[in-house]
Amino acid sequence: MSEVYEKIRERLSVLVRDTDLIAEKVHIRARALSTEEAIGNPEADDFPLQKGRERLMQAEFHGALGQAFTDQYGDFEGTLLEVLEMPLQNNYRRSVFVSTLNAVLRFLGRTDGTIHCHDQEPRECALELVDHVRNRYGHVKIVQVGFQPRMVEFLSSRFPLKVLDMDTDNIGLEKFGITIEGPEATEEAIAWADLLFVTGTTLVNGTIDQFLDRKPVLFYGTTIAGAASLMDWERFCARSR
């Protein structure tokens with residue numbers, strides 16, 4: 001397993017042991033949310049969730065909710081200790097771990113924005129993103145990892161942009177004037193970029209390592225909320241709850 005997962009696990013373990021939560025018989029439930037539960041009813045129909053390739057897993061811990069995008073989803077119930085000791089060998093197990101991490105840190109007040117935005121909020125978030133990038137990084141060349149349509153739409157009109165995605169239905173298509181490239185283009189794209197704008201889903205699908213410690217990284221989305229807090233990673237998610 002990647003070193004980054006071990007670091008996250010170790011930091012979470014220390015945190016919950018310090019608060020005695022590890023000894024409690026707490027059950028954590030995760031389930032795949034429907035599209036409407038996850039993102040409401042945005043006017044557009046091009047979000048990955050609406051295509052059925054990914055779902056949001058949702059964990060609950062003492063009433064606090066945490067989510068994680070995954071393409072391998074299903075129910076889970078177990079103690080926090082069981083989640084901490086779970087081998088993270090596939091996307092399903094990582095999604096259980098990550099959604100649980102988000103719920104626990106939300107409960108402890110160590111992170112926020114663990115619930116996906118709804119309806120018109122993805123568009124509002126993308127508009128705010130443009131100002132955030134301009135003010136924080138300047139006029140930079142951006143590689144966006146993960147096709148989030150509203151973000152691609154607004155970033156592409158204001159910055160030089162490349163987009164990488166793992167969905168074979170997207171690769172090779174032109175969206176908002178940008179040809180979406182596949183994983184094989186990753187190294188060349190990173191070399192070109194000034195800023196890596198990376199979906200938190202990389203933490204679930206096991207690809208996050210290749211984007212760390214290379215160029216400035218700005219993660220986005222609810223999936224990475226807890227890990228960003230523990231690891232001091234920069235994150236943008238303007239309309240999450």
# chains A, B, ... in the order shown; residues from 1 in each chain; ligands from 1
call {"tool": "residues_around", "arguments": {"residues": "segment 189-194 of chain A", "least_positions_apart": "4", "cutoff": "6 Å", "atoms": "only C-alpha atoms", "output": "number ranges by chain"}}
result
A: 140-143
call {"tool": "write_last_selection", "arguments": {"atoms": "N, CA and C atoms", "output": "PDB file, in the first residue's frame"}}
result
ATOM      1  N   VAL A 140      -1.963  30.912 -14.718  1.00  0.00           N
ATOM      2  CA  VAL A 140      -1.151  29.700 -14.768  1.00  0.00           C
ATOM      3  C   VAL A 140      -1.705  28.710 -15.790  1.00  0.00           C
ATOM      4  N   LYS A 141      -0.834  27.811 -16.223  1.00  0.00           N
ATOM      5  CA  LYS A 141      -1.252  26.679 -17.049  1.00  0.00           C
ATOM      6  C   LYS A 141      -1.722  25.571 -16.102  1.00  0.00           C
ATOM      7  N   ILE A 142      -2.923  25.088 -16.335  1.00  0.00           N
ATOM      8  CA  ILE A 142      -3.563  24.164 -15.395  1.00  0.00           C
ATOM      9  C   ILE A 142      -3.784  22.800 -16.050  1.00  0.00           C
ATOM     10  N   VAL A 143      -3.459  21.761 -15.315  1.00  0.00           N
ATOM     11  CA  VAL A 143      -3.915  20.414 -15.651  1.00  0.00           C
ATOM     12  C   VAL A 143      -5.011  20.047 -14.670  1.00  0.00           C
TER      13      VAL A 143
END
call {"tool": "select_by_dssp", "arguments": {"residues": "segment 48-188 of chain A", "states": "strand (DSSP E or B)", "output": "PyMOL selection string"}}
result
chain A and resi 55-61+64-70+76-78+142-145+161-164+174-175+178-181
call {"tool": "residues_around", "arguments": {"residues": "segment 93-102 of chain A", "least_positions_apart": "5", "cutoff": "10 Å", "atoms": "only C-alpha atoms", "output": "PDB file with C-alpha atoms, in the first residue's frame"}}
result
ATOM      1  CA  TYR A   5      -2.352   5.943   2.929  1.00  0.00           C
ATOM      2  CA  ILE A   8      -3.279   9.190   6.742  1.00  0.00           C
ATOM      3  CA  ARG A   9      -4.165   6.023   8.665  1.00  0.00           C
ATOM      4  CA  LEU A  12      -6.309   9.282  12.071  1.00  0.00           C
ATOM      5  CA  ILE A  28     -20.273   3.229  10.605  1.00  0.00           C
ATOM      6  CA  ARG A  29     -22.642   2.862   7.715  1.00  0.00           C
ATOM      7  CA  ALA A  30     -21.846   3.642   4.128  1.00  0.00           C
ATOM      8  CA  ARG A  31     -24.211   3.380   1.202  1.00  0.00           C
ATOM      9  CA  LEU A  56     -21.044   8.785  -3.661  1.00  0.00           C
ATOM     10  CA  MET A  57     -20.526   6.522  -0.685  1.00  0.00           C
ATOM     11  CA  GLN A  58     -21.782   8.124   2.525  1.00  0.00           C
ATOM     12  CA  ALA A  59     -20.581   7.202   5.999  1.00  0.00           C
ATOM     13  CA  GLU A  60     -22.237   8.287   9.227  1.00  0.00           C
ATOM     14  CA  PHE A  61     -20.425   8.648  12.534  1.00  0.00           C
ATOM     15  CA  ALA A  64     -21.745  13.425  11.136  1.00  0.00           C
ATOM     16  CA  LEU A  65     -21.689  12.555   7.438  1.00  0.00           C
ATOM     17  CA  GLY A  66     -18.729  11.983   5.132  1.00  0.00           C
ATOM     18  CA  GLN A  67     -18.698  11.105   1.445  1.00  0.00           C
ATOM     19  CA  ALA A  68     -16.374   9.617  -1.148  1.00  0.00           C
ATOM     20  CA  PHE A  69     -16.694   9.147  -4.912  1.00  0.00           C
ATOM     21  CA  THR A  70     -16.102   5.594  -6.094  1.00  0.00           C
ATOM     22  CA  ASP A  71     -16.803   3.265  -8.994  1.00  0.00           C
ATOM     23  CA  GLN A  72     -16.970   0.277  -6.611  1.00  0.00           C
ATOM     24  CA  TYR A  73     -19.739   0.768  -4.107  1.00  0.00           C
ATOM     25  CA  GLY A  74     -21.854  -1.142  -1.649  1.00  0.00           C
ATOM     26  CA  ASP A  75     -23.007  -1.201   1.976  1.00  0.00           C
ATOM     27  CA  PHE A  76     -20.641  -1.517   4.932  1.00  0.00           C
ATOM     28  CA  GLU A  77     -21.112  -1.655   8.668  1.00  0.00           C
ATOM     29  CA  LEU A  80     -14.015   2.365  13.649  1.00  0.00           C
ATOM     30  CA  GLU A  82     -12.226  -2.391  11.850  1.00  0.00           C
ATOM     31  CA  VAL A  83     -12.076   0.433   9.331  1.00  0.00           C
ATOM     32  CA  LEU A  84      -8.655   1.514  10.588  1.00  0.00           C
ATOM     33  CA  GLU A  85      -7.347  -2.038  10.240  1.00  0.00           C
ATOM     34  CA  MET A  86      -8.946  -2.700   6.846  1.00  0.00           C
ATOM     35  CA  PRO A  87      -6.492  -3.539   4.018  1.00  0.00           C
ATOM     36  CA  LEU A  88      -6.979  -0.820   1.396  1.00  0.00           C
ATOM     37  CA  PHE A 107     -17.614  14.877  13.926  1.00  0.00           C
ATOM     38  CA  LEU A 108     -14.414  16.058  15.610  1.00  0.00           C
ATOM     39  CA  ARG A 110     -11.353  18.939  12.130  1.00  0.00           C
ATOM     40  CA  THR A 111     -12.799  19.391   8.637  1.00  0.00           C
ATOM     41  CA  ASP A 112     -15.903  20.671   6.888  1.00  0.00           C
ATOM     42  CA  GLY A 113     -17.455  20.530   3.433  1.00  0.00           C
ATOM     43  CA  THR A 114     -17.898  16.749   3.491  1.00  0.00           C
ATOM     44  CA  ILE A 115     -21.270  16.750   1.684  1.00  0.00           C
ATOM     45  CA  THR A 201     -11.274  10.802  -6.135  1.00  0.00           C
ATOM     46  CA  LEU A 203      -7.395   9.122  -3.115  1.00  0.00           C
ATOM     47  CA  VAL A 204      -9.982   6.381  -3.687  1.00  0.00           C
ATOM     48  CA  ASN A 205      -8.808   5.055  -7.049  1.00  0.00           C
ATOM     49  CA  GLY A 206      -5.182   4.781  -5.940  1.00  0.00           C
ATOM     50  CA  THR A 222     -15.667  16.424  -0.880  1.00  0.00           C
ATOM     51  CA  THR A 223     -13.776  13.130  -1.117  1.00  0.00           C
ATOM     52  CA  ILE A 224     -10.457  14.642  -0.057  1.00  0.00           C
ATOM     53  CA  ALA A 225     -11.834  16.790   2.792  1.00  0.00           C
ATOM     54  CA  GLY A 226     -10.510  14.778   5.713  1.00  0.00           C
ATOM     55  CA  ALA A 227      -7.197  13.801   4.137  1.00  0.00           C
ATOM     56  CA  ALA A 228      -6.508  17.410   3.117  1.00  0.00           C
ATOM     57  CA  SER A 229      -7.021  18.460   6.708  1.00  0.00           C
ATOM     58  CA  LEU A 230      -4.732  15.762   8.100  1.00  0.00           C
TER      59      LEU A 230
END
call {"tool": "residues_around", "arguments": {"residues": "segment 122-125 of chain A", "least_positions_apart": "6", "cutoff": "6 Å", "atoms": "only C-alpha atoms", "output": "PyMOL selection string"}}
result
chain A and resi 150+238-239
call {"tool": "residues_around", "arguments": {"residues": "Asp213 of chain A", "least_positions_apart": "3", "cutoff": "12 Å", "atoms": "only C-alpha atoms", "output": "PyMOL selection string"}}
result
chain A and resi 4+190+195-196+208-210+216-218+233
call {"tool": "atom_distance", "arguments": {"atom1": "atom CA of Gly177 of chain A", "atom2": "atom CA of His132 of chain A"}}
result
22.1 Å
call {"tool": "atom_distance", "arguments": {"atom1": "atom CA of Gln89 of chain A", "atom2": "atom CA of Gly182 of chain A"}}
result
23.1 Å
call {"tool": "select_by_dssp", "arguments": {"residues": "segment 12-220 of chain A", "states": "helix (DSSP H, G or I)", "output": "PyMOL selection string"}}
result
chain A and resi 12-18+21-23+35-39+48-51+80-85+91-108+121-137+149-156+183-192+202-205+208-211
call {"tool": "write_last_selection", "arguments": {"atoms": "C-alpha atoms", "output": "JSON list (two decimals), in the first residue's frame"}}
result
[["chain", "number", "residue", "atom", "x", "y", "z"],
["A", 12, "LEU", "CA", -6.31, 9.28, 12.07],
["A", 13, "SER", "CA", -5.41, 6.50, 14.49],
["A", 14, "VAL", "CA", -3.53, 8.88, 16.78],
["A", 15, "LEU", "CA", -6.38, 11.36, 16.63],
["A", 16, "VAL", "CA", -9.13, 8.93, 17.58],
["A", 17, "ARG", "CA", -7.07, 7.20, 20.24],
["A", 18, "ASP", "CA", -6.38, 10.56, 21.83],
["A", 21, "LEU", "CA", -13.17, 6.97, 20.16],
["A", 22, "ILE", "CA", -11.26, 3.89, 19.13],
["A", 23, "ALA", "CA", -12.63, 2.00, 22.17],
["A", 35, "THR", "CA", -27.93, 10.80, -8.21],
["A", 36, "GLU", "CA", -30.70, 13.02, -6.87],
["A", 37, "GLU", "CA", -29.60, 12.48, -3.27],
["A", 38, "ALA", "CA", -26.00, 13.27, -4.18],
["A", 39, "ILE", "CA", -26.26, 16.36, -6.40],
["A", 48, "PRO", "CA", -20.07, 11.78, -13.87],
["A", 49, "LEU", "CA", -22.67, 10.86, -11.25],
["A", 50, "GLN", "CA", -25.44, 11.24, -13.81],
["A", 51, "LYS", "CA", -23.70, 8.83, -16.17],
["A", 80, "LEU", "CA", -14.02, 2.37, 13.65],
["A", 81, "LEU", "CA", -11.23, -0.01, 14.64],
["A", 82, "GLU", "CA", -12.23, -2.39, 11.85],
["A", 83, "VAL", "CA", -12.08, 0.43, 9.33],
["A", 84, "LEU", "CA", -8.65, 1.51, 10.59],
["A", 85, "GLU", "CA", -7.35, -2.04, 10.24],
["A", 91, "ASN", "CA", -11.55, 1.03, -4.61],
["A", 92, "TYR", "CA", -14.42, -0.26, -2.49],
["A", 93, "ARG", "CA", -12.30, -0.60, 0.63],
["A", 94, "ARG", "CA", -10.62, 2.75, 0.03],
["A", 95, "SER", "CA", -14.03, 4.41, -0.41],
["A", 96, "VAL", "CA", -15.19, 2.98, 2.92],
["A", 97, "PHE", "CA", -12.01, 4.21, 4.60],
["A", 98, "VAL", "CA", -12.12, 7.67, 3.00],
["A", 99, "SER", "CA", -15.82, 8.31, 3.62],
["A", 100, "THR", "CA", -15.33, 7.17, 7.22],
["A", 101, "LEU", "CA", -12.31, 9.45, 7.59],
["A", 102, "ASN", "CA", -14.42, 12.37, 6.39],
["A", 103, "ALA", "CA", -17.27, 11.57, 8.77],
["A", 104, "VAL", "CA", -15.00, 11.14, 11.78],
["A", 105, "LEU", "CA", -13.08, 14.36, 11.16],
["A", 106, "ARG", "CA", -16.37, 16.18, 10.56],
["A", 107, "PHE", "CA", -17.61, 14.88, 13.93],
["A", 108, "LEU", "CA", -14.41, 16.06, 15.61],
["A", 121, "GLU", "CA", -24.21, 25.13, -6.70],
["A", 122, "PRO", "CA", -21.67, 23.31, -8.94],
["A", 123, "ARG", "CA", -21.93, 26.24, -11.38],
["A", 124, "GLU", "CA", -21.57, 28.77, -8.57],
["A", 125, "CYS", "CA", -18.54, 26.86, -7.27],
["A", 126, "ALA", "CA", -16.90, 26.90, -10.71],
["A", 127, "LEU", "CA", -17.37, 30.65, -11.01],
["A", 128, "GLU", "CA", -15.75, 31.17, -7.62],
["A", 129, "LEU", "CA", -12.95, 28.80, -8.60],
["A", 130, "VAL", "CA", -11.81, 31.08, -11.40],
["A", 131, "ASP", "CA", -11.31, 33.97, -9.00],
["A", 132, "HIS", "CA", -9.63, 31.73, -6.44],
["A", 133, "VAL", "CA", -7.07, 30.42, -8.93],
["A", 134, "ARG", "CA", -6.37, 33.86, -10.38],
["A", 135, "ASN", "CA", -5.89, 35.43, -6.94],
["A", 136, "ARG", "CA", -3.91, 32.55, -5.44],
["A", 137, "TYR", "CA", -1.77, 31.40, -8.39],
["A", 149, "PRO", "CA", -17.85, 19.75, -16.44],
["A", 150, "ARG", "CA", -18.62, 23.12, -14.89],
["A", 151, "MET", "CA", -15.06, 23.55, -13.68],
["A", 152, "VAL", "CA", -13.68, 22.65, -17.11],
["A", 153, "GLU", "CA", -16.16, 25.01, -18.76],
["A", 154, "PHE", "CA", -15.13, 28.04, -16.72],
["A", 155, "LEU", "CA", -11.41, 27.32, -16.35],
["A", 156, "SER", "CA", -10.99, 26.68, -20.09],
["A", 183, "PRO", "CA", -3.92, 8.47, -18.12],
["A", 184, "GLU", "CA", -1.17, 7.83, -20.66],
["A", 185, "ALA", "CA", -0.82, 11.62, -21.09],
["A", 186, "THR", "CA", -0.23, 12.25, -17.39],
["A", 187, "GLU", "CA", 3.54, 12.73, -17.36],
["A", 188, "GLU", "CA", 3.59, 15.06, -20.34],
["A", 189, "ALA", "CA", 0.72, 17.09, -18.90],
["A", 190, "ILE", "CA", 2.40, 17.45, -15.51],
["A", 191, "ALA", "CA", 5.61, 18.64, -17.17],
["A", 192, "TRP", "CA", 3.59, 21.29, -19.06],
["A", 202, "THR", "CA", -7.60, 10.01, -6.81],
["A", 203, "LEU", "CA", -7.40, 9.12, -3.12],
["A", 204, "VAL", "CA", -9.98, 6.38, -3.69],
["A", 205, "ASN", "CA", -8.81, 5.05, -7.05],
["A", 208, "ILE", "CA", -2.94, 10.16, -5.95],
["A", 209, "ASP", "CA", 0.79, 9.48, -5.55],
["A", 210, "GLN", "CA", 1.69, 10.57, -9.07],
["A", 211, "PHE", "CA", 0.36, 14.09, -8.42]]
call {"tool": "atom_distance", "arguments": {"atom1": "atom CA of Glu181 of chain A", "atom2": "atom CA of Asp165 of chain A"}}
result
6.3 Å
call {"tool": "decode", "arguments": {"residues": "segment 196-235 of chain A", "atoms": "N, CA and C atoms", "output": "PDB file, in the first residue's frame"}}
result
ATOM      1  N   LEU A 196      -1.505  21.785 -10.728  1.00  0.00           N
ATOM      2  CA  LEU A 196      -2.283  20.556 -10.865  1.00  0.00           C
ATOM      3  C   LEU A 196      -3.563  20.719 -10.049  1.00  0.00           C
ATOM      4  N   PHE A 197      -4.687  20.641 -10.732  1.00  0.00           N
ATOM      5  CA  PHE A 197      -6.004  20.778 -10.098  1.00  0.00           C
ATOM      6  C   PHE A 197      -6.628  19.389 -10.104  1.00  0.00           C
ATOM      7  N   VAL A 198      -6.596  18.724  -8.954  1.00  0.00           N
ATOM      8  CA  VAL A 198      -6.759  17.268  -8.902  1.00  0.00           C
ATOM      9  C   VAL A 198      -7.995  16.872  -8.095  1.00  0.00           C
ATOM     10  N   THR A 199      -8.816  16.037  -8.692  1.00  0.00           N
ATOM     11  CA  THR A 199      -9.980  15.512  -7.986  1.00  0.00           C
ATOM     12  C   THR A 199      -9.577  14.674  -6.785  1.00  0.00           C
ATOM     13  N   GLY A 200     -10.323  14.828  -5.698  1.00  0.00           N
ATOM     14  CA  GLY A 200     -10.061  14.020  -4.520  1.00  0.00           C
ATOM     15  C   GLY A 200     -10.321  12.547  -4.737  1.00  0.00           C
ATOM     16  N   THR A 201     -11.004  12.205  -5.826  1.00  0.00           N
ATOM     17  CA  THR A 201     -11.274  10.802  -6.135  1.00  0.00           C
ATOM     18  C   THR A 201      -9.987  10.019  -6.351  1.00  0.00           C
ATOM     19  N   THR A 202      -8.889  10.699  -6.655  1.00  0.00           N
ATOM     20  CA  THR A 202      -7.603  10.015  -6.807  1.00  0.00           C
ATOM     21  C   THR A 202      -7.189   9.304  -5.520  1.00  0.00           C
ATOM     22  N   LEU A 203      -7.699   9.782  -4.379  1.00  0.00           N
ATOM     23  CA  LEU A 203      -7.395   9.122  -3.115  1.00  0.00           C
ATOM     24  C   LEU A 203      -8.102   7.773  -3.021  1.00  0.00           C
ATOM     25  N   VAL A 204      -9.236   7.639  -3.693  1.00  0.00           N
ATOM     26  CA  VAL A 204      -9.982   6.381  -3.687  1.00  0.00           C
ATOM     27  C   VAL A 204      -9.486   5.429  -4.771  1.00  0.00           C
ATOM     28  N   ASN A 205      -9.184   5.952  -5.952  1.00  0.00           N
ATOM     29  CA  ASN A 205      -8.808   5.055  -7.049  1.00  0.00           C
ATOM     30  C   ASN A 205      -7.317   4.708  -7.075  1.00  0.00           C
ATOM     31  N   GLY A 206      -6.567   5.195  -6.097  1.00  0.00           N
ATOM     32  CA  GLY A 206      -5.182   4.781  -5.940  1.00  0.00           C
ATOM     33  C   GLY A 206      -4.178   5.475  -6.837  1.00  0.00           C
ATOM     34  N   THR A 207      -4.554   6.604  -7.449  1.00  0.00           N
ATOM     35  CA  THR A 207      -3.647   7.300  -8.366  1.00  0.00           C
ATOM     36  C   THR A 207      -3.055   8.568  -7.777  1.00  0.00           C
ATOM     37  N   ILE A 208      -3.316   8.864  -6.518  1.00  0.00           N
ATOM     38  CA  ILE A 208      -2.944  10.158  -5.953  1.00  0.00           C
ATOM     39  C   ILE A 208      -1.435  10.384  -5.911  1.00  0.00           C
ATOM     40  N   ASP A 209      -0.656   9.324  -5.722  1.00  0.00           N
ATOM     41  CA  ASP A 209       0.790   9.481  -5.550  1.00  0.00           C
ATOM     42  C   ASP A 209       1.457  10.221  -6.695  1.00  0.00           C
ATOM     43  N   GLN A 210       1.011   9.983  -7.918  1.00  0.00           N
ATOM     44  CA  GLN A 210       1.689  10.573  -9.073  1.00  0.00           C
ATOM     45  C   GLN A 210       1.509  12.084  -9.170  1.00  0.00           C
ATOM     46  N   PHE A 211       0.598  12.643  -8.367  1.00  0.00           N
ATOM     47  CA  PHE A 211       0.360  14.086  -8.415  1.00  0.00           C
ATOM     48  C   PHE A 211       0.941  14.838  -7.224  1.00  0.00           C
ATOM     49  N   LEU A 212       1.524  14.122  -6.276  1.00  0.00           N
ATOM     50  CA  LEU A 212       2.089  14.744  -5.092  1.00  0.00           C
ATOM     51  C   LEU A 212       3.557  15.089  -5.292  1.00  0.00           C
ATOM     52  N   ASP A 213       3.979  16.209  -4.728  1.00  0.00           N
ATOM     53  CA  ASP A 213       5.395  16.600  -4.693  1.00  0.00           C
ATOM     54  C   ASP A 213       5.996  16.788  -6.083  1.00  0.00           C
ATOM     55  N   ARG A 214       5.178  17.217  -7.041  1.00  0.00           N
ATOM     56  CA  ARG A 214       5.663  17.461  -8.391  1.00  0.00           C
ATOM     57  C   ARG A 214       5.557  18.938  -8.749  1.00  0.00           C
ATOM     58  N   LYS A 215       4.361  19.435  -8.735  1.00  0.00           N
ATOM     59  CA  LYS A 215       4.033  20.826  -9.003  1.00  0.00           C
ATOM     60  C   LYS A 215       3.058  21.269  -7.910  1.00  0.00           C
ATOM     61  N   PRO A 216       2.794  22.571  -7.808  1.00  0.00           N
ATOM     62  CA  PRO A 216       1.741  22.975  -6.869  1.00  0.00           C
ATOM     63  C   PRO A 216       0.445  22.220  -7.158  1.00  0.00           C
ATOM     64  N   VAL A 217      -0.193  21.727  -6.094  1.00  0.00           N
ATOM     65  CA  VAL A 217      -1.411  20.926  -6.239  1.00  0.00           C
ATOM     66  C   VAL A 217      -2.548  21.589  -5.477  1.00  0.00           C
ATOM     67  N   LEU A 218      -3.684  21.711  -6.141  1.00  0.00           N
ATOM     68  CA  LEU A 218      -4.919  22.138  -5.506  1.00  0.00           C
ATOM     69  C   LEU A 218      -5.927  21.018  -5.709  1.00  0.00           C
ATOM     70  N   PHE A 219      -6.326  20.375  -4.626  1.00  0.00           N
ATOM     71  CA  PHE A 219      -7.328  19.324  -4.718  1.00  0.00           C
ATOM     72  C   PHE A 219      -8.722  19.943  -4.704  1.00  0.00           C
ATOM     73  N   TYR A 220      -9.680  19.208  -5.263  1.00  0.00           N
ATOM     74  CA  TYR A 220     -11.054  19.689  -5.212  1.00  0.00           C
ATOM     75  C   TYR A 220     -12.013  18.554  -4.869  1.00  0.00           C
ATOM     76  N   GLY A 221     -13.144  18.937  -4.272  1.00  0.00           N
ATOM     77  CA  GLY A 221     -14.200  17.972  -3.989  1.00  0.00           C
ATOM     78  C   GLY A 221     -14.321  17.580  -2.536  1.00  0.00           C
ATOM     79  N   THR A 222     -15.396  16.869  -2.246  1.00  0.00           N
ATOM     80  CA  THR A 222     -15.667  16.424  -0.880  1.00  0.00           C
ATOM     81  C   THR A 222     -14.827  15.214  -0.473  1.00  0.00           C
ATOM     82  N   THR A 223     -14.472  14.384  -1.430  1.00  0.00           N
ATOM     83  CA  THR A 223     -13.776  13.130  -1.117  1.00  0.00           C
ATOM     84  C   THR A 223     -12.498  13.361  -0.329  1.00  0.00           C
ATOM     85  N   ILE A 224     -11.778  14.410  -0.634  1.00  0.00           N
ATOM     86  CA  ILE A 224     -10.457  14.642  -0.057  1.00  0.00           C
ATOM     87  C   ILE A 224     -10.505  15.516   1.185  1.00  0.00           C
ATOM     88  N   ALA A 225     -11.702  15.838   1.685  1.00  0.00           N
ATOM     89  CA  ALA A 225     -11.834  16.790   2.792  1.00  0.00           C
ATOM     90  C   ALA A 225     -11.002  16.400   4.007  1.00  0.00           C
ATOM     91  N   GLY A 226     -11.202  15.198   4.507  1.00  0.00           N
ATOM     92  CA  GLY A 226     -10.510  14.778   5.713  1.00  0.00           C
ATOM     93  C   GLY A 226      -9.019  14.625   5.516  1.00  0.00           C
ATOM     94  N   ALA A 227      -8.620  14.003   4.411  1.00  0.00           N
ATOM     95  CA  ALA A 227      -7.197  13.801   4.137  1.00  0.00           C
ATOM     96  C   ALA A 227      -6.481  15.132   3.964  1.00  0.00           C
ATOM     97  N   ALA A 228      -7.121  16.093   3.300  1.00  0.00           N
ATOM     98  CA  ALA A 228      -6.508  17.410   3.117  1.00  0.00           C
ATOM     99  C   ALA A 228      -6.251  18.073   4.464  1.00  0.00           C
ATOM    100  N   SER A 229      -7.189  17.903   5.375  1.00  0.00           N
ATOM    101  CA  SER A 229      -7.021  18.460   6.708  1.00  0.00           C
ATOM    102  C   SER A 229      -5.862  17.804   7.450  1.00  0.00           C
ATOM    103  N   LEU A 230      -5.794  16.482   7.387  1.00  0.00           N
ATOM    104  CA  LEU A 230      -4.732  15.762   8.100  1.00  0.00           C
ATOM    105  C   LEU A 230      -3.357  15.996   7.489  1.00  0.00           C
ATOM    106  N   MET A 231      -3.294  16.142   6.165  1.00  0.00           N
ATOM    107  CA  MET A 231      -2.024  16.210   5.457  1.00  0.00           C
ATOM    108  C   MET A 231      -1.621  17.639   5.064  1.00  0.00           C
ATOM    109  N   ASP A 232      -2.444  18.612   5.417  1.00  0.00           N
ATOM    110  CA  ASP A 232      -2.179  20.016   5.078  1.00  0.00           C
ATOM    111  C   ASP A 232      -2.089  20.232   3.573  1.00  0.00           C
ATOM    112  N   TRP A 233      -2.980  19.576   2.832  1.00  0.00           N
ATOM    113  CA  TRP A 233      -3.075  19.788   1.389  1.00  0.00           C
ATOM    114  C   TRP A 233      -4.063  20.909   1.099  1.00  0.00           C
ATOM    115  N   GLU A 234      -3.790  21.692   0.068  1.00  0.00           N
ATOM    116  CA  GLU A 234      -4.727  22.733  -0.330  1.00  0.00           C
ATOM    117  C   GLU A 234      -5.926  22.102  -1.021  1.00  0.00           C
ATOM    118  N   ARG A 235      -7.102  22.641  -0.718  1.00  0.00           N
ATOM    119  CA  ARG A 235      -8.351  22.081  -1.258  1.00  0.00           C
ATOM    120  C   ARG A 235      -9.325  23.197  -1.572  1.00  0.00           C
TER     121      ARG A 235
END
